[in-house]
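Student: Let me begin by handing over the structure; questions about it come next.
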Amino acid sequence: NNHFCATNLFLYPSSTGCQIDMADIIFLVDGSQSISDEQFQSMQHLMSSLVNSSSIGKNHVRIGAIVYSTEPQIQFALNEYDTKQELRQAISRLKPSDCDTYTSRALSYSLNYFRNSNGAQSDKWVHKFLIVITNEEATDAGQLEEASAKLRDNGISIFGIGVKQDKDTKLPKQLLTMTNNANRVFYVNDINALELLDRTISEEICNVNKAGKL
């Protein structure tokens with residue numbers, strides 16, 4: 001079944017969810033020591049799937065990526081790659097970085113990469129999304145609310161994806177603190193489920209834009 005999205009939000013019908021036609025999207029990926037190789041590869045699979053469901057290119061969808069542990073590190077900025085093939089190759093080259101899970105620090109770091117000077121699109125109609133993928137509670141949880149609110153105050157919609165078998169942790173609550181919206185929190189305990197999230201996320205991005213809310 002085709003899903004139709006509001007035309008003023010630059011999203012078009014697609015047989016596999018919403019085709020995203022214009023957006024700035026940055027993946028903020030947990031590369032800490034708690035991430036297994038298998039989990040990291042599944043994160044890469046999800047990112048590549050979202051690339052495939054987007055109209056990549058100048059004046060369309062731009063995608064960047066940051067890998068974080070104790071320190072965040074930009075892997076590629078929004079304006080670095082203009083084709084799906086280049087992005088998929090760049091995603092395949094990402095590596096985890098060990099150490100701890102300083103998510104708040106990474107959130108604050110990411111704000112700078114949504115600026116025009118770092119490749120963000122200047123058109124006011126271009127919606128901005130930060131997709132956080134992690135399997136661990138933040139080491140610096142005390143700063144999580146402030147760092148997340150600053151991003152949202154700057155017009156950036158946050159999606160939080162948790163990958164962990166044990167739900168009896170603080171991670172779901174922390175993801176909700178980041179997003180401030182339960183519809184943008186995804187919690188999976190199975191790697192295969194993580195890889196299948198691309199359609200759900202693309203449809204939720206449609207909903208975010210359709211409502212005209214951040």
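Identifiers in this document derive from the order of the structure tokens: chains are assigned A, B, ..., residues are numbered from 1 separately in each chain, and ligands are numbered from 1 in order of occurrence.
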At a cut-off of 7 Å, using only C-alpha atoms, what residues contact Gly31 of chain A? Leave out same-chain residues fewer than 5 positions from it and give the result as a list in words.
Tutor: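 Skipping anything fewer than 5 positions along the chain leaves Val67, Tyr68, Ser69, Pro96, Ser97 and Asp98 of chain A.
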Student: Next, the residues of the selection above should be written as a short mmCIF file (atom, residue, chain, number, x, y, z; two decimals), in the first residue's frame with N, CA and C atoms.
Tutor:
```
data_model
loop_
_atom_site.label_atom_id
_atom_site.label_comp_id
_atom_site.auth_asym_id
_atom_site.auth_seq_id
_atom_site.Cartn_x
_atom_site.Cartn_y
_atom_site.Cartn_z
N VAL A 67 30.18 9.44 15.06
CA VAL A 67 30.33 8.29 15.94
C VAL A 67 30.87 8.81 17.27
N TYR A 68 30.31 8.34 18.37
CA TYR A 68 30.74 8.86 19.67
C TYR A 68 30.97 7.74 20.68
N SER A 69 31.83 8.02 21.62
CA SER A 69 32.00 7.21 22.83
C SER A 69 32.30 8.22 23.94
N PRO A 96 33.46 1.46 15.28
CA PRO A 96 33.27 1.84 16.68
C PRO A 96 34.57 2.34 17.28
N SER A 97 34.46 3.11 18.37
CA SER A 97 35.66 3.77 18.91
C SER A 97 35.98 3.40 20.35
N ASP A 98 35.23 2.46 20.94
CA ASP A 98 35.47 2.01 22.32
C ASP A 98 35.21 3.11 23.36
#
```
Student: Got a sec: who's within 12 Å of Val185 of chain A, counting only C-alpha atoms, leaving out chain neighbours fewer than 3 positions off, as a short mmCIF file (atom, residue, chain, number, x, y, z; two decimals) with N, CA, C and O atoms, in the first residue's frame?
Tutor:
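Output file selection_35.cif is given in full below:
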```
data_model
loop_
_atom_site.label_atom_id
_atom_site.label_comp_id
_atom_site.auth_asym_id
_atom_site.auth_seq_id
_atom_site.Cartn_x
_atom_site.Cartn_y
_atom_site.Cartn_z
N ILE A 131 19.22 11.47 14.41
CA ILE A 131 18.82 10.10 14.74
C ILE A 131 19.90 9.47 15.61
O ILE A 131 21.01 9.18 15.14
N VAL A 132 19.58 9.31 16.89
CA VAL A 132 20.53 8.77 17.86
C VAL A 132 20.33 7.26 17.97
O VAL A 132 19.21 6.79 18.18
N ILE A 133 21.42 6.49 17.82
CA ILE A 133 21.35 5.03 17.94
C ILE A 133 22.34 4.61 19.02
O ILE A 133 23.55 4.82 18.88
N THR A 134 21.83 4.00 20.10
CA THR A 134 22.69 3.63 21.22
C THR A 134 22.18 2.37 21.90
O THR A 134 21.00 2.02 21.76
N SER A 157 14.58 17.97 15.16
CA SER A 157 13.79 16.86 15.70
C SER A 157 14.72 15.70 16.01
O SER A 157 15.53 15.31 15.17
N ILE A 158 14.59 15.15 17.21
CA ILE A 158 15.46 14.05 17.63
C ILE A 158 14.68 12.74 17.64
O ILE A 158 13.56 12.67 18.16
N PHE A 159 15.28 11.72 17.06
CA PHE A 159 14.76 10.36 17.14
C PHE A 159 15.74 9.54 17.98
O PHE A 159 16.96 9.65 17.78
N GLY A 160 15.23 8.74 18.90
CA GLY A 160 16.08 7.93 19.75
C GLY A 160 15.84 6.45 19.53
O GLY A 160 14.71 5.97 19.67
N ILE A 161 16.89 5.71 19.19
CA ILE A 161 16.79 4.27 18.96
C ILE A 161 17.66 3.55 19.98
O ILE A 161 18.87 3.75 20.04
N GLY A 162 17.02 2.71 20.79
CA GLY A 162 17.74 1.93 21.79
C GLY A 162 17.83 0.48 21.37
O GLY A 162 16.84 -0.11 20.93
N VAL A 163 19.01 -0.10 21.50
CA VAL A 163 19.23 -1.49 21.13
C VAL A 163 19.76 -2.21 22.36
O VAL A 163 20.93 -2.12 22.69
N LEU A 171 17.70 3.45 30.00
CA LEU A 171 17.82 3.88 28.60
C LEU A 171 16.50 4.35 27.98
O LEU A 171 16.47 5.40 27.34
N PRO A 172 15.38 3.62 28.12
CA PRO A 172 14.13 4.11 27.52
C PRO A 172 13.76 5.51 28.00
O PRO A 172 13.34 6.35 27.20
N LYS A 173 13.92 5.76 29.29
CA LYS A 173 13.60 7.08 29.84
C LYS A 173 14.54 8.14 29.27
O LYS A 173 14.14 9.26 28.96
N GLN A 174 15.82 7.78 29.11
CA GLN A 174 16.78 8.73 28.54
C GLN A 174 16.46 9.04 27.08
O GLN A 174 16.60 10.19 26.64
N LEU A 175 16.01 8.04 26.33
CA LEU A 175 15.63 8.28 24.94
C LEU A 175 14.44 9.24 24.88
O LEU A 175 14.40 10.13 24.01
N LEU A 176 13.52 9.08 25.80
CA LEU A 176 12.36 9.97 25.85
C LEU A 176 12.79 11.39 26.24
O LEU A 176 12.25 12.37 25.71
N THR A 177 13.76 11.50 27.12
CA THR A 177 14.30 12.82 27.49
C THR A 177 14.88 13.51 26.25
O THR A 177 14.70 14.71 26.05
N MET A 178 15.56 12.74 25.42
CA MET A 178 16.17 13.30 24.20
C MET A 178 15.10 13.79 23.23
O MET A 178 15.16 14.90 22.72
N THR A 179 14.11 12.95 22.98
CA THR A 179 13.15 13.24 21.92
C THR A 179 12.01 14.13 22.38
O THR A 179 11.43 14.87 21.59
N ASN A 180 11.66 14.01 23.65
CA ASN A 180 10.49 14.70 24.22
C ASN A 180 9.20 14.29 23.52
O ASN A 180 8.23 15.02 23.50
N ASN A 181 9.21 13.10 22.92
CA ASN A 181 8.04 12.62 22.18
C ASN A 181 8.14 11.10 22.06
O ASN A 181 9.05 10.57 21.42
N ALA A 182 7.19 10.39 22.67
CA ALA A 182 7.24 8.92 22.68
C ALA A 182 7.17 8.32 21.28
O ALA A 182 7.66 7.20 21.06
N VAL A 188 14.44 -1.68 20.66
CA VAL A 188 14.42 -3.05 20.14
C VAL A 188 15.42 -3.91 20.91
O VAL A 188 16.47 -3.44 21.34
N LEU A 197 13.69 -1.23 11.09
CA LEU A 197 13.10 0.01 11.58
C LEU A 197 13.04 1.11 10.52
O LEU A 197 12.38 2.12 10.73
N THR A 200 9.54 2.28 9.51
CA THR A 200 8.85 2.93 10.63
C THR A 200 9.37 4.34 10.85
O THR A 200 8.60 5.27 11.06
N ILE A 201 10.68 4.49 10.78
CA ILE A 201 11.27 5.81 11.01
C ILE A 201 10.93 6.77 9.87
O ILE A 201 10.58 7.92 10.11
N GLU A 204 7.48 7.94 10.36
CA GLU A 204 7.36 8.88 11.47
C GLU A 204 7.92 10.24 11.09
O GLU A 204 7.41 11.28 11.50
#
```
Student: What's around Phe76 of chain A at 9 Å? Count only C-alpha atoms, leave out sequence neighbours fewer than 2 positions away in its own chain, and write the answer as a PyMOL selection string.
Tutor: chain A and resi 63-66+74+78-81+90
Student: Would you output that residue set with N, CA and C atoms, as a JSON list (two decimals), in the first residue's frame?
Tutor:
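The new file result-v1.json reads:
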```json
[["chain", "number", "residue", "atom", "x", "y", "z"],
["A", 63, "ILE", "N", 22.86, 13.95, 4.27],
["A", 63, "ILE", "CA", 23.06, 13.08, 5.42],
["A", 63, "ILE", "C", 24.48, 13.18, 5.93],
["A", 64, "GLY", "N", 24.61, 13.26, 7.26],
["A", 64, "GLY", "CA", 25.91, 13.26, 7.91],
["A", 64, "GLY", "C", 25.95, 12.20, 8.99],
["A", 65, "ALA", "N", 27.14, 11.95, 9.53],
["A", 65, "ALA", "CA", 27.26, 10.93, 10.58],
["A", 65, "ALA", "C", 28.33, 11.31, 11.58],
["A", 66, "ILE", "N", 28.01, 11.04, 12.85],
["A", 66, "ILE", "CA", 28.94, 11.24, 13.96],
["A", 66, "ILE", "C", 28.98, 9.92, 14.74],
["A", 74, "ILE", "N", 33.04, 13.69, 14.13],
["A", 74, "ILE", "CA", 32.33, 13.75, 12.86],
["A", 74, "ILE", "C", 33.00, 12.79, 11.88],
["A", 78, "LEU", "N", 27.17, 17.06, 6.39],
["A", 78, "LEU", "CA", 25.96, 17.00, 5.55],
["A", 78, "LEU", "C", 26.25, 17.22, 4.07],
["A", 79, "ASN", "N", 27.23, 18.04, 3.76],
["A", 79, "ASN", "CA", 27.48, 18.36, 2.35],
["A", 79, "ASN", "C", 28.63, 17.58, 1.74],
["A", 80, "GLU", "N", 29.04, 16.50, 2.41],
["A", 80, "GLU", "CA", 30.22, 15.78, 1.92],
["A", 80, "GLU", "C", 29.92, 14.84, 0.76],
["A", 81, "TYR", "N", 28.74, 14.21, 0.77],
["A", 81, "TYR", "CA", 28.39, 13.23, -0.26],
["A", 81, "TYR", "C", 27.05, 13.57, -0.90],
["A", 90, "ALA", "N", 30.51, 5.28, 2.58],
["A", 90, "ALA", "CA", 31.00, 5.98, 3.76],
["A", 90, "ALA", "C", 30.47, 5.32, 5.03]]
```
Student: Taking into account only C-alpha atoms, which residue in the set A:Ser36, A:Ser122, A:Ser110, A:Ser92 is nearest to His60 of chain A?
Tutor: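 Of the candidates, the smallest distance to His60 of chain A is held by A:Ser122.
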Student: Restricting the calculation to only C-alpha atoms, which member of A:Gln39, A:Ser108, A:Leu46, A:Gln121 is positioned closest to Arg62 of chain A?
Tutor: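 Closest to Arg62 of chain A, using only C-alpha atoms: A:Gln121.
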Student: Would you mind listing what lies within 7 Å of Cys99 of chain A as a list in words, with only C-alpha atoms counted and same-chain residues fewer than 5 positions away left out?
Tutor: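 That gives Ser32, Gln33, Ser69 and Thr70 of chain A.
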